[in-house]
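A quick write-up on the structure given underneath.
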Amino acid sequence: MTTHTPGLRESATFDRDVIHEIQRAAETGIYDIRGWGAKRKLPHFDDLLFLGASMSRYPLEGYRERCDTDIVLGDRNAKYPLHLDIPITIAGMSFGALSGRAKEALGRGAGEVGTSTTTGDGGMTPEERGQSKNLVYQYLPSRYGMNPDDLRKADAIEIVLGQGAKPGGGGMLLGQKITDRVAGMRTLPVGVDQRSACRHPDWTGPDDLAIKIIELREITGWEKPIYVKVGATRTYYDVKLAVKAGADVVVVDGMQGGTAATQGVFIEHVGIPTLAAIPQAVQALQEMGVHRAPGGVQLIVSGGIRSGADVAKAMALGADAVAIGTAALIALGDNHPRFQKQYEALGSAAGFYDDFQAGRDPAGITTQDPELQKNFDPVEGGRRLANYLRVLTMEAQTLARACGKSHLRNLEPQDLVALTVEASAMARVPLAGTNWIPGRI
């Protein structure tokens with residue numbers, strides 16, 4: 001255990017973590033790769049508070065007055081839009097990054113509460129399709145596992161242009177996780193590191209995206225909603241271009257979003273916080289007349305969603321739904337204290353394990369090792385995820401009722417205040433106790 005010697009002062013610029021990383025880089029000559037998401041403290045939903053009803057607003061009685069949670073996604077152009085019971089969806093996480101059992105559990109848990117899951121890079125697995133009531137098929141730059149028949153089996157298609165943890169960069173799947181099955185689905189050699197492309201091979205801009213969206217609609221008979229997912233960077237312009245290209249749903253992933261594996265420098269230094277991205281996306285949709293309008297374009301927000309408070313705050317800022325990834329893995333059992341000894345053997349600890357790229361996850365979730373996968377029960381994992389999703393929904397309903405709202409989508413920016421100047425400027429809500437929004441005249 002490190003002890004502090006009186007008179008010694010740690011540098012704020014070169015603290016022990018920075019010194020360790022410089023020493024690691026000097027010794028190995030390679031950059032750091034890890035999973036999870038940004039670990040630096042960023043402006044987030046905790047910097048916002050709800051204004052519960054008192055005299056000027058009328059609250060709803062929790063046991064006798066309804067607060068609905070259903071959401072329709074993709075009714076702009078699709079013959080069969082998605083009808084979800086709750087506005088909390090499961091983000092794209094690939095088979096390869098996750099085990100087949102983990103994908104099955106995600107489908108079980110989401111299906112039990114009436115929401116959707118998403119395939120991720122690498123294609124559709126029978127485990128996930130078989131258990132998912134609503135499954136969104138991700139169409140990625142890599143085209144790994146892309147199959148037109150699977151597109152038709154899906155309930156929606158998500159074209160991925162970027163991810164919050166690494167906008168502008170491609171994903172990674174290291175060789176130790178490329179088993180025969182993973183390699184077969186991705187048409188890759190067994191045991192060889194895989195790096196996904198950072199951009200789609202057959203277009204260079206929004207005009208080409210519009211052509212691709214039409215192509216995907218024709219493949220699926222104009223039945224499926226088409227999502228477009230972007231990593232949060234130049235969000236205002238990206239959302240406008242996605243809508244102009246024909247997206248039914250836009251997914252904006254903030255920099256607190258997780259990843260299975262990428263460069264640490266990417267995770268910590270690229271993109272903008274989720275809190276800053278939502279108002280930009282909403283402004284773009286409002287200016288185009290499609291935000292929460294009949295036949296409009298829905299906004300899904302992801303990146304660091306942890307609690308029902310986060311869900312409610314994202315929706316109050318203008319999101320129609322949210323997506324969770326890292327939180328879903330934790331709900332399944334990732335980083336659980338029961339694996340403490342195994343984590344310690346890997347040089348980590350429960351609550352700190354982020355070496356998802358190594359394929360040695362003792363929880364059996366982010367691994368392809370058949371022995372480690374035996375540690376994970378997909379039925380129990382699905383039950384835990386369903387419980388977690390129910391809690392998020394009930395927490396969000398509780399807050400909405402306190403604000404006098406009979407539906408989660410009725411939450412609005414006027415229900416929020418900010419605790420810091422930074423959060424106030426980003427979220428575009430007043431600083432608590434004032435009517436001042438920095439940057440507004």
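Lettering and numbering for the structure tokens are positional, with chains as A, B, ... in the shown order, residues counted from 1 in each chain, and ligands counted from 1 in the shown order.
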
Among range 69-278 of chain A, which ones does DSSP place in strand (DSSP E or B), written as a short mmCIF file (atom, residue, chain, number, x, y, z; two decimals) with all heavy atoms, in the first residue's frame?
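File produced: states36.cif:
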```
data_model
loop_
_atom_site.label_atom_id
_atom_site.label_comp_id
_atom_site.auth_asym_id
_atom_site.auth_seq_id
_atom_site.Cartn_x
_atom_site.Cartn_y
_atom_site.Cartn_z
N ILE A 71 -42.87 3.81 -26.61
CA ILE A 71 -42.25 4.64 -27.65
C ILE A 71 -42.36 3.93 -29.00
O ILE A 71 -42.26 2.71 -29.08
CB ILE A 71 -40.76 4.93 -27.31
CG1 ILE A 71 -40.09 5.80 -28.38
CG2 ILE A 71 -39.98 3.64 -27.13
CD1 ILE A 71 -40.57 7.21 -28.41
N VAL A 72 -42.58 4.70 -30.05
CA VAL A 72 -42.58 4.19 -31.42
C VAL A 72 -41.35 4.76 -32.12
O VAL A 72 -41.12 5.97 -32.11
CB VAL A 72 -43.86 4.59 -32.18
CG1 VAL A 72 -43.78 4.11 -33.63
CG2 VAL A 72 -45.09 4.02 -31.50
N LEU A 73 -40.57 3.88 -32.73
CA LEU A 73 -39.34 4.28 -33.40
C LEU A 73 -39.43 3.92 -34.88
O LEU A 73 -39.69 2.77 -35.23
CB LEU A 73 -38.13 3.58 -32.79
CG LEU A 73 -37.83 3.88 -31.32
CD1 LEU A 73 -36.70 2.98 -30.82
CD2 LEU A 73 -37.49 5.33 -31.12
N LEU A 82 -40.85 0.16 -34.94
CA LEU A 82 -40.72 -0.57 -33.68
C LEU A 82 -41.62 0.06 -32.62
O LEU A 82 -41.60 1.28 -32.43
CB LEU A 82 -39.27 -0.54 -33.18
CG LEU A 82 -38.38 -1.73 -33.57
CD1 LEU A 82 -38.25 -1.85 -35.08
CD2 LEU A 82 -37.01 -1.60 -32.92
N HIS A 83 -42.38 -0.79 -31.94
CA HIS A 83 -43.22 -0.37 -30.82
C HIS A 83 -42.62 -0.99 -29.56
O HIS A 83 -42.71 -2.20 -29.34
CB HIS A 83 -44.66 -0.83 -31.01
CG HIS A 83 -45.37 -0.18 -32.16
ND1 HIS A 83 -46.27 0.85 -32.00
CD2 HIS A 83 -45.29 -0.41 -33.50
CE1 HIS A 83 -46.72 1.23 -33.19
NE2 HIS A 83 -46.14 0.48 -34.11
N LEU A 84 -41.99 -0.15 -28.74
CA LEU A 84 -41.31 -0.62 -27.55
C LEU A 84 -42.10 -0.21 -26.31
O LEU A 84 -42.72 0.86 -26.27
CB LEU A 84 -39.89 -0.06 -27.46
CG LEU A 84 -38.98 -0.30 -28.68
CD1 LEU A 84 -37.59 0.28 -28.40
CD2 LEU A 84 -38.88 -1.78 -29.01
N ILE A 88 -35.81 2.47 -23.22
CA ILE A 88 -34.44 2.11 -22.87
C ILE A 88 -34.07 0.89 -23.70
O ILE A 88 -34.65 -0.19 -23.52
CB ILE A 88 -34.30 1.80 -21.37
CG1 ILE A 88 -34.87 2.93 -20.53
CG2 ILE A 88 -32.83 1.55 -21.02
CD1 ILE A 88 -35.21 2.53 -19.11
N THR A 89 -33.14 1.04 -24.63
CA THR A 89 -32.76 -0.03 -25.54
C THR A 89 -31.34 -0.51 -25.23
O THR A 89 -30.61 0.13 -24.47
CB THR A 89 -32.83 0.44 -27.00
OG1 THR A 89 -31.81 1.44 -27.22
CG2 THR A 89 -34.19 1.07 -27.30
N ILE A 90 -30.97 -1.64 -25.82
CA ILE A 90 -29.63 -2.19 -25.64
C ILE A 90 -28.78 -1.82 -26.85
O ILE A 90 -29.14 -2.09 -27.99
CB ILE A 90 -29.66 -3.72 -25.47
CG1 ILE A 90 -30.61 -4.11 -24.33
CG2 ILE A 90 -28.26 -4.26 -25.21
CD1 ILE A 90 -30.24 -3.53 -22.98
N GLY A 92 -25.50 -1.59 -29.52
CA GLY A 92 -24.81 -2.60 -30.30
C GLY A 92 -23.52 -3.06 -29.63
O GLY A 92 -22.65 -2.25 -29.32
N PHE A 95 -20.99 -9.97 -31.29
CA PHE A 95 -20.53 -11.32 -31.00
C PHE A 95 -19.09 -11.39 -31.49
O PHE A 95 -18.79 -11.12 -32.64
CB PHE A 95 -21.37 -12.37 -31.72
CG PHE A 95 -20.76 -13.75 -31.63
CD1 PHE A 95 -20.70 -14.42 -30.43
CD2 PHE A 95 -20.19 -14.36 -32.75
CE1 PHE A 95 -20.11 -15.66 -30.33
CE2 PHE A 95 -19.61 -15.60 -32.66
CZ PHE A 95 -19.57 -16.26 -31.45
N LEU A 98 -18.37 -9.98 -27.30
CA LEU A 98 -19.12 -10.69 -26.27
C LEU A 98 -19.25 -12.16 -26.65
O LEU A 98 -19.17 -12.52 -27.83
CB LEU A 98 -20.52 -10.10 -26.10
CG LEU A 98 -20.67 -8.62 -25.79
CD1 LEU A 98 -22.12 -8.31 -25.46
CD2 LEU A 98 -19.75 -8.20 -24.66
N SER A 116 -35.64 -3.40 -27.26
CA SER A 116 -34.85 -3.96 -28.37
C SER A 116 -33.40 -4.16 -27.98
O SER A 116 -32.87 -3.51 -27.08
CB SER A 116 -34.92 -3.02 -29.59
OG SER A 116 -34.34 -1.77 -29.29
N THR A 117 -32.75 -5.06 -28.71
CA THR A 117 -31.31 -5.25 -28.64
C THR A 117 -30.72 -4.92 -30.01
O THR A 117 -31.45 -4.73 -30.98
CB THR A 117 -30.94 -6.69 -28.27
OG1 THR A 117 -31.56 -7.58 -29.21
CG2 THR A 117 -31.40 -7.04 -26.88
N THR A 118 -29.38 -4.87 -30.06
CA THR A 118 -28.69 -4.49 -31.30
C THR A 118 -27.52 -5.43 -31.51
O THR A 118 -26.82 -5.78 -30.56
CB THR A 118 -28.20 -3.03 -31.22
OG1 THR A 118 -29.26 -2.19 -30.76
CG2 THR A 118 -27.71 -2.54 -32.56
N ASN A 134 -37.31 -7.66 -30.34
CA ASN A 134 -36.99 -6.67 -31.36
C ASN A 134 -35.48 -6.58 -31.48
O ASN A 134 -34.81 -6.25 -30.51
CB ASN A 134 -37.56 -5.29 -30.98
CG ASN A 134 -39.07 -5.25 -31.00
OD1 ASN A 134 -39.69 -5.25 -32.07
ND2 ASN A 134 -39.68 -5.22 -29.82
N LEU A 135 -34.96 -6.86 -32.66
CA LEU A 135 -33.52 -6.88 -32.87
C LEU A 135 -33.14 -5.90 -33.98
O LEU A 135 -33.65 -5.98 -35.10
CB LEU A 135 -33.05 -8.29 -33.24
CG LEU A 135 -31.54 -8.46 -33.48
CD1 LEU A 135 -30.75 -8.08 -32.24
CD2 LEU A 135 -31.23 -9.90 -33.89
N VAL A 136 -32.23 -4.99 -33.66
CA VAL A 136 -31.71 -4.01 -34.62
C VAL A 136 -30.40 -4.55 -35.18
O VAL A 136 -29.51 -4.95 -34.42
CB VAL A 136 -31.49 -2.64 -33.94
CG1 VAL A 136 -30.98 -1.62 -34.96
CG2 VAL A 136 -32.77 -2.16 -33.28
N TYR A 137 -30.28 -4.55 -36.49
CA TYR A 137 -29.10 -5.09 -37.17
C TYR A 137 -28.16 -3.95 -37.51
O TYR A 137 -28.52 -3.03 -38.25
CB TYR A 137 -29.53 -5.82 -38.44
CG TYR A 137 -28.45 -6.60 -39.14
CD1 TYR A 137 -28.34 -7.98 -38.96
CD2 TYR A 137 -27.54 -5.98 -39.99
CE1 TYR A 137 -27.36 -8.72 -39.61
CE2 TYR A 137 -26.55 -6.70 -40.63
CZ TYR A 137 -26.48 -8.07 -40.45
OH TYR A 137 -25.49 -8.79 -41.08
N GLN A 138 -26.95 -4.00 -36.97
CA GLN A 138 -25.98 -2.95 -37.27
C GLN A 138 -25.26 -3.21 -38.59
O GLN A 138 -24.75 -4.30 -38.82
CB GLN A 138 -24.96 -2.82 -36.14
CG GLN A 138 -25.45 -2.00 -34.97
CD GLN A 138 -24.33 -1.52 -34.06
OE1 GLN A 138 -23.26 -2.14 -33.99
NE2 GLN A 138 -24.55 -0.43 -33.36
N TYR A 139 -25.23 -2.16 -39.41
CA TYR A 139 -24.56 -2.18 -40.71
C TYR A 139 -23.34 -1.29 -40.57
O TYR A 139 -23.45 -0.06 -40.53
CB TYR A 139 -25.53 -1.67 -41.77
CG TYR A 139 -25.07 -1.76 -43.20
CD1 TYR A 139 -25.20 -2.96 -43.91
CD2 TYR A 139 -24.55 -0.66 -43.86
CE1 TYR A 139 -24.81 -3.04 -45.24
CE2 TYR A 139 -24.16 -0.73 -45.18
CZ TYR A 139 -24.29 -1.92 -45.86
OH TYR A 139 -23.91 -2.00 -47.18
N ALA A 156 -35.07 -3.77 -37.43
CA ALA A 156 -34.62 -2.43 -37.84
C ALA A 156 -33.16 -2.55 -38.24
O ALA A 156 -32.49 -3.54 -37.90
CB ALA A 156 -34.80 -1.40 -36.73
N ILE A 157 -32.66 -1.55 -38.96
CA ILE A 157 -31.26 -1.54 -39.40
C ILE A 157 -30.62 -0.25 -38.90
O ILE A 157 -31.20 0.83 -39.03
CB ILE A 157 -31.16 -1.62 -40.93
CG1 ILE A 157 -31.79 -2.92 -41.44
CG2 ILE A 157 -29.70 -1.52 -41.39
CD1 ILE A 157 -32.02 -2.94 -42.94
N GLU A 158 -29.42 -0.39 -38.31
CA GLU A 158 -28.69 0.77 -37.81
C GLU A 158 -27.39 0.92 -38.59
O GLU A 158 -26.49 0.08 -38.47
CB GLU A 158 -28.41 0.61 -36.31
CG GLU A 158 -27.66 1.78 -35.70
CD GLU A 158 -27.54 1.65 -34.19
OE1 GLU A 158 -28.58 1.77 -33.51
OE2 GLU A 158 -26.42 1.41 -33.69
N ILE A 159 -27.30 1.97 -39.38
CA ILE A 159 -26.07 2.27 -40.11
C ILE A 159 -25.13 3.01 -39.17
O ILE A 159 -25.45 4.09 -38.68
CB ILE A 159 -26.35 3.12 -41.36
CG1 ILE A 159 -27.32 2.41 -42.30
CG2 ILE A 159 -25.06 3.45 -42.09
CD1 ILE A 159 -27.79 3.25 -43.47
N VAL A 160 -23.99 2.42 -38.90
CA VAL A 160 -23.06 3.00 -37.94
C VAL A 160 -22.01 3.82 -38.66
O VAL A 160 -21.24 3.29 -39.48
CB VAL A 160 -22.38 1.89 -37.09
CG1 VAL A 160 -21.38 2.50 -36.12
CG2 VAL A 160 -23.43 1.09 -36.34
N MET A 172 -11.60 -2.75 -32.70
CA MET A 172 -10.55 -3.77 -32.65
C MET A 172 -11.11 -5.05 -32.06
O MET A 172 -11.97 -5.02 -31.18
CB MET A 172 -9.38 -3.31 -31.78
CG MET A 172 -8.60 -2.13 -32.30
SD MET A 172 -7.23 -1.74 -31.19
CE MET A 172 -6.46 -0.40 -32.07
N LEU A 173 -10.62 -6.16 -32.56
CA LEU A 173 -10.90 -7.47 -31.96
C LEU A 173 -9.61 -8.27 -32.09
O LEU A 173 -9.21 -8.64 -33.20
CB LEU A 173 -12.06 -8.18 -32.66
CG LEU A 173 -12.57 -9.44 -31.95
CD1 LEU A 173 -13.16 -9.11 -30.58
CD2 LEU A 173 -13.63 -10.13 -32.80
N GLN A 194 -7.98 -8.29 -35.63
CA GLN A 194 -8.89 -7.66 -36.59
C GLN A 194 -9.10 -6.20 -36.22
O GLN A 194 -9.37 -5.87 -35.08
CB GLN A 194 -10.23 -8.39 -36.58
CG GLN A 194 -11.35 -7.67 -37.33
CD GLN A 194 -12.36 -7.04 -36.39
OE1 GLN A 194 -13.03 -7.71 -35.63
NE2 GLN A 194 -12.48 -5.72 -36.44
N ARG A 195 -8.92 -5.33 -37.18
CA ARG A 195 -9.21 -3.91 -36.98
C ARG A 195 -10.28 -3.51 -37.98
O ARG A 195 -10.10 -3.66 -39.19
CB ARG A 195 -7.97 -3.06 -37.19
CG ARG A 195 -8.20 -1.57 -36.92
CD ARG A 195 -7.01 -0.75 -37.36
NE ARG A 195 -5.85 -1.03 -36.54
CZ ARG A 195 -5.53 -0.35 -35.44
NH1 ARG A 195 -6.33 0.61 -35.02
NH2 ARG A 195 -4.45 -0.64 -34.76
N ILE A 226 -34.79 2.61 -40.54
CA ILE A 226 -33.35 2.79 -40.76
C ILE A 226 -32.83 3.81 -39.75
O ILE A 226 -33.25 4.96 -39.74
CB ILE A 226 -33.05 3.27 -42.19
CG1 ILE A 226 -33.65 2.33 -43.23
CG2 ILE A 226 -31.53 3.42 -42.38
CD1 ILE A 226 -33.03 0.96 -43.28
N TYR A 227 -31.92 3.35 -38.88
CA TYR A 227 -31.25 4.25 -37.94
C TYR A 227 -29.91 4.68 -38.57
O TYR A 227 -29.31 3.95 -39.34
CB TYR A 227 -30.90 3.56 -36.63
CG TYR A 227 -32.01 2.97 -35.80
CD1 TYR A 227 -33.32 2.84 -36.25
CD2 TYR A 227 -31.73 2.51 -34.51
CE1 TYR A 227 -34.30 2.28 -35.46
CE2 TYR A 227 -32.71 1.95 -33.71
CZ TYR A 227 -34.00 1.84 -34.19
OH TYR A 227 -34.97 1.28 -33.40
N VAL A 228 -29.43 5.85 -38.15
CA VAL A 228 -28.07 6.27 -38.45
C VAL A 228 -27.42 6.66 -37.12
O VAL A 228 -27.95 7.51 -36.39
CB VAL A 228 -28.03 7.45 -39.43
CG1 VAL A 228 -26.60 7.98 -39.57
CG2 VAL A 228 -28.55 7.03 -40.80
N LYS A 229 -26.30 6.01 -36.81
CA LYS A 229 -25.61 6.25 -35.55
C LYS A 229 -24.33 7.04 -35.79
O LYS A 229 -23.53 6.70 -36.65
CB LYS A 229 -25.26 4.93 -34.86
CG LYS A 229 -24.51 5.09 -33.54
CD LYS A 229 -24.23 3.74 -32.88
CE LYS A 229 -23.48 3.92 -31.57
NZ LYS A 229 -23.25 2.62 -30.89
N VAL A 230 -24.14 8.10 -34.98
CA VAL A 230 -22.93 8.91 -35.07
C VAL A 230 -22.31 9.04 -33.69
O VAL A 230 -23.00 9.07 -32.67
CB VAL A 230 -23.23 10.32 -35.64
CG1 VAL A 230 -23.75 10.22 -37.07
CG2 VAL A 230 -24.22 11.09 -34.76
N GLY A 231 -20.98 9.10 -33.67
CA GLY A 231 -20.29 9.46 -32.44
C GLY A 231 -20.39 10.97 -32.25
O GLY A 231 -20.34 11.74 -33.22
N VAL A 249 -34.44 7.26 -37.67
CA VAL A 249 -34.00 7.43 -36.28
C VAL A 249 -32.54 7.82 -36.32
O VAL A 249 -31.76 7.27 -37.10
CB VAL A 249 -34.18 6.12 -35.47
CG1 VAL A 249 -33.66 6.28 -34.05
CG2 VAL A 249 -35.63 5.67 -35.47
N VAL A 250 -32.14 8.77 -35.47
CA VAL A 250 -30.74 9.14 -35.33
C VAL A 250 -30.27 8.74 -33.94
O VAL A 250 -30.95 9.02 -32.94
CB VAL A 250 -30.52 10.65 -35.54
CG1 VAL A 250 -29.06 11.02 -35.30
CG2 VAL A 250 -30.94 11.06 -36.95
N VAL A 251 -29.13 8.05 -33.88
CA VAL A 251 -28.53 7.64 -32.61
C VAL A 251 -27.28 8.47 -32.41
O VAL A 251 -26.39 8.47 -33.26
CB VAL A 251 -28.17 6.14 -32.62
CG1 VAL A 251 -27.61 5.71 -31.26
CG2 VAL A 251 -29.40 5.29 -32.98
N VAL A 252 -27.20 9.18 -31.28
CA VAL A 252 -26.03 9.99 -30.95
C VAL A 252 -25.37 9.39 -29.73
O VAL A 252 -25.99 9.25 -28.67
CB VAL A 252 -26.42 11.46 -30.69
CG1 VAL A 252 -25.21 12.25 -30.22
CG2 VAL A 252 -27.01 12.08 -31.94
N ASP A 253 -24.11 9.01 -29.88
CA ASP A 253 -23.36 8.30 -28.83
C ASP A 253 -22.28 9.24 -28.27
O ASP A 253 -21.33 9.58 -28.97
CB ASP A 253 -22.72 7.05 -29.43
CG ASP A 253 -22.17 6.10 -28.39
OD1 ASP A 253 -22.59 6.18 -27.22
OD2 ASP A 253 -21.34 5.24 -28.76
N THR A 259 -16.55 0.72 -25.11
CA THR A 259 -16.05 -0.02 -26.26
C THR A 259 -15.42 -1.30 -25.76
O THR A 259 -15.01 -1.40 -24.60
CB THR A 259 -15.02 0.80 -27.04
OG1 THR A 259 -14.58 0.04 -28.18
CG2 THR A 259 -13.82 1.15 -26.19
N ALA A 260 -15.34 -2.28 -26.64
CA ALA A 260 -14.67 -3.54 -26.27
C ALA A 260 -13.16 -3.38 -26.27
O ALA A 260 -12.47 -3.94 -25.43
CB ALA A 260 -15.08 -4.65 -27.22
N ALA A 261 -12.65 -2.58 -27.23
CA ALA A 261 -11.21 -2.39 -27.33
C ALA A 261 -10.89 -1.26 -28.30
O ALA A 261 -11.37 -1.26 -29.43
CB ALA A 261 -10.52 -3.66 -27.81
N THR A 262 -10.11 -0.31 -27.83
CA THR A 262 -9.54 0.70 -28.72
C THR A 262 -8.40 1.38 -27.97
O THR A 262 -8.13 1.09 -26.81
CB THR A 262 -10.59 1.72 -29.18
OG1 THR A 262 -10.11 2.42 -30.33
CG2 THR A 262 -10.93 2.73 -28.10
N GLN A 263 -7.73 2.30 -28.64
CA GLN A 263 -6.62 3.01 -28.02
C GLN A 263 -7.13 3.88 -26.87
O GLN A 263 -8.11 4.60 -27.01
CB GLN A 263 -5.91 3.89 -29.05
CG GLN A 263 -5.34 3.14 -30.23
CD GLN A 263 -6.25 3.18 -31.44
OE1 GLN A 263 -7.47 3.03 -31.30
NE2 GLN A 263 -5.67 3.38 -32.62
#
```

- Message: Residues within 12 Å of Ala165 in chain A, please, as a ChimeraX atom specification. Count only C-alpha atoms; anything in the same chain fewer than 3 positions from it doesn't count.
- Response: /A:34-39,162,168-171,230-233,252-274,302-304,325-326

- Message: I need the residue nearest Asp248 in chain A from this list: A:Ser406, A:Thr434, A:Thr119, A:Asn77. Use only C-alpha atoms for the distance.
- Response: A:Asn77

- Message: Please identify the alpha helix (DSSP H) residues within range 140-238 of chain A (assignment by DSSP from backbone atoms) and present them as number ranges by chain.
- Response: A: 148-153, 180-186, 206-219, 235-238

- Might you pull out every residue within 8 Å of range 236-243 of chain A, with only C-alpha atoms counted and same-chain residues fewer than 6 positions away left off, and present them as a ChimeraX atom specification? /A:206,228,230,250,280-281,283-285,288,297

- Query: Mind pulling up the distance from CA of Ala400 in chain A to CA of Arg108 in chain A?
  - Reply: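 Answer for the CA of Arg108 in chain A to CA of Ala400 in chain A separation: 27.5 Å.
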
- Task: Excluding Lys79 in chain A and any residue of its chain fewer than 4 positions from it, enumerate the residues within 12 Å of it, using only C-alpha atoms, and give them as a ChimeraX atom specification.
- Result: /A:73-75,155-156,217,220-226,248,295

Go ahead and save the residues from that selection, with all heavy atoms, as a compact mmCIF listing (two decimals), in the first residue's frame.
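Generated file (part.txt):
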```txt
# COMPACT_ATOMS: atom_id res chain seq x y z
N LEU A 73 -40.57 3.88 -32.73
CA LEU A 73 -39.34 4.28 -33.40
C LEU A 73 -39.43 3.92 -34.88
O LEU A 73 -39.69 2.77 -35.23
CB LEU A 73 -38.13 3.58 -32.79
CG LEU A 73 -37.83 3.88 -31.32
CD1 LEU A 73 -36.70 2.98 -30.82
CD2 LEU A 73 -37.49 5.33 -31.12
N GLY A 74 -39.23 4.91 -35.75
CA GLY A 74 -39.09 4.63 -37.17
C GLY A 74 -40.36 4.72 -37.97
O GLY A 74 -40.47 4.07 -39.02
N ASP A 75 -41.33 5.55 -37.56
CA ASP A 75 -42.59 5.63 -38.31
C ASP A 75 -42.54 6.67 -39.43
O ASP A 75 -43.55 6.97 -40.05
CB ASP A 75 -43.76 5.93 -37.38
CG ASP A 75 -43.58 7.22 -36.58
OD1 ASP A 75 -42.46 7.75 -36.58
OD2 ASP A 75 -44.56 7.67 -35.96
N ASP A 155 -35.51 -6.42 -37.19
CA ASP A 155 -36.67 -5.55 -37.04
C ASP A 155 -36.35 -4.10 -37.38
O ASP A 155 -37.26 -3.29 -37.56
CB ASP A 155 -37.20 -5.64 -35.61
CG ASP A 155 -37.61 -7.07 -35.26
OD1 ASP A 155 -38.60 -7.55 -35.82
OD2 ASP A 155 -36.92 -7.71 -34.43
N ALA A 156 -35.07 -3.77 -37.43
CA ALA A 156 -34.62 -2.43 -37.84
C ALA A 156 -33.16 -2.55 -38.24
O ALA A 156 -32.49 -3.54 -37.90
CB ALA A 156 -34.80 -1.40 -36.73
N ARG A 217 -33.46 -0.06 -47.91
CA ARG A 217 -34.93 -0.12 -47.91
C ARG A 217 -35.43 -1.09 -48.97
O ARG A 217 -36.38 -1.85 -48.73
CB ARG A 217 -35.50 1.28 -48.15
CG ARG A 217 -35.26 2.26 -47.02
CD ARG A 217 -36.21 3.45 -47.14
NE ARG A 217 -35.82 4.55 -46.27
CZ ARG A 217 -36.05 4.59 -44.96
NH1 ARG A 217 -36.65 3.58 -44.37
NH2 ARG A 217 -35.68 5.64 -44.24
N THR A 220 -35.02 -4.73 -47.96
CA THR A 220 -35.94 -5.16 -46.91
C THR A 220 -37.39 -4.78 -47.21
O THR A 220 -38.25 -4.81 -46.31
CB THR A 220 -35.53 -4.55 -45.56
OG1 THR A 220 -35.50 -3.12 -45.67
CG2 THR A 220 -34.16 -5.04 -45.14
N GLY A 221 -37.69 -4.43 -48.45
CA GLY A 221 -39.07 -4.15 -48.84
C GLY A 221 -39.69 -2.95 -48.17
O GLY A 221 -40.90 -2.89 -47.99
N TRP A 222 -38.87 -1.97 -47.79
CA TRP A 222 -39.34 -0.75 -47.13
C TRP A 222 -40.09 -1.06 -45.82
O TRP A 222 -40.94 -0.29 -45.39
CB TRP A 222 -40.24 0.09 -48.06
CG TRP A 222 -39.46 0.74 -49.16
CD1 TRP A 222 -38.94 0.15 -50.28
CD2 TRP A 222 -39.08 2.11 -49.23
NE1 TRP A 222 -38.27 1.06 -51.04
CE2 TRP A 222 -38.34 2.28 -50.43
CE3 TRP A 222 -39.29 3.22 -48.42
CZ2 TRP A 222 -37.81 3.51 -50.81
CZ3 TRP A 222 -38.77 4.45 -48.81
CH2 TRP A 222 -38.04 4.59 -49.99
N GLU A 223 -39.78 -2.18 -45.23
CA GLU A 223 -40.47 -2.58 -44.00
C GLU A 223 -39.76 -2.10 -42.74
O GLU A 223 -40.41 -1.84 -41.72
CB GLU A 223 -40.58 -4.11 -43.94
CG GLU A 223 -41.47 -4.69 -45.02
CD GLU A 223 -41.57 -6.20 -44.92
OE1 GLU A 223 -40.76 -6.80 -44.18
OE2 GLU A 223 -42.46 -6.78 -45.58
N LYS A 224 -38.43 -2.00 -42.77
CA LYS A 224 -37.66 -1.80 -41.55
C LYS A 224 -37.27 -0.33 -41.35
O LYS A 224 -36.84 0.34 -42.29
CB LYS A 224 -36.36 -2.61 -41.59
CG LYS A 224 -36.47 -4.00 -42.21
CD LYS A 224 -37.27 -4.96 -41.38
CE LYS A 224 -37.27 -6.36 -42.01
NZ LYS A 224 -38.07 -7.32 -41.25
N PRO A 225 -37.35 0.16 -40.12
CA PRO A 225 -36.80 1.48 -39.84
C PRO A 225 -35.29 1.50 -40.06
O PRO A 225 -34.60 0.50 -39.80
CB PRO A 225 -37.12 1.70 -38.36
CG PRO A 225 -38.23 0.76 -38.05
CD PRO A 225 -38.01 -0.43 -38.94
N ILE A 226 -34.79 2.61 -40.54
CA ILE A 226 -33.35 2.79 -40.76
C ILE A 226 -32.83 3.81 -39.75
O ILE A 226 -33.25 4.96 -39.74
CB ILE A 226 -33.05 3.27 -42.19
CG1 ILE A 226 -33.65 2.33 -43.23
CG2 ILE A 226 -31.53 3.42 -42.38
CD1 ILE A 226 -33.03 0.96 -43.28
N ASP A 248 -34.67 7.38 -40.38
CA ASP A 248 -35.89 7.39 -39.59
C ASP A 248 -35.60 7.70 -38.12
O ASP A 248 -36.43 8.28 -37.42
CB ASP A 248 -36.59 6.03 -39.66
CG ASP A 248 -36.99 5.66 -41.07
OD1 ASP A 248 -37.64 6.49 -41.74
OD2 ASP A 248 -36.66 4.54 -41.50
N GLY A 295 -44.77 11.59 -37.77
CA GLY A 295 -43.92 11.15 -38.87
C GLY A 295 -42.54 11.74 -38.81
O GLY A 295 -41.86 11.85 -39.84
```

- Task: Would you list the contacts of Leu317 in chain A as a PyMOL selection string, taking every protein, DNA or RNA residue within 9 Å and counting only C-alpha atoms, but skipping same-chain residues closer than 6 positions in sequence?
- Result: chain A and resi 275+278-279+282+411-414+416+427-429

- Query: Which neighbours of His336 in chain A fall inside 9 Å, counting only C-alpha atoms, when residues of the same chain fewer than 5 positions from it are skipped, and could you give them as a VMD selection string?
  - Reply: chain A and resid 330 350 to 351 363

- Query: What lies within 8 Å of Gly114 in chain A using only C-alpha atoms, ignoring chain neighbours under 3 positions off, as a VMD selection string?
  - Reply: chain A and resid 84 to 86 110 to 111 133 to 134

- May I ask which of the residues A:Arg24, A:Pro87, A:Cys198, A:Pro167 is the closest one to Ala323 in chain A, counting only C-alpha atoms?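 Of the candidates, the smallest distance to Ala323 in chain A is held by A:Pro87.
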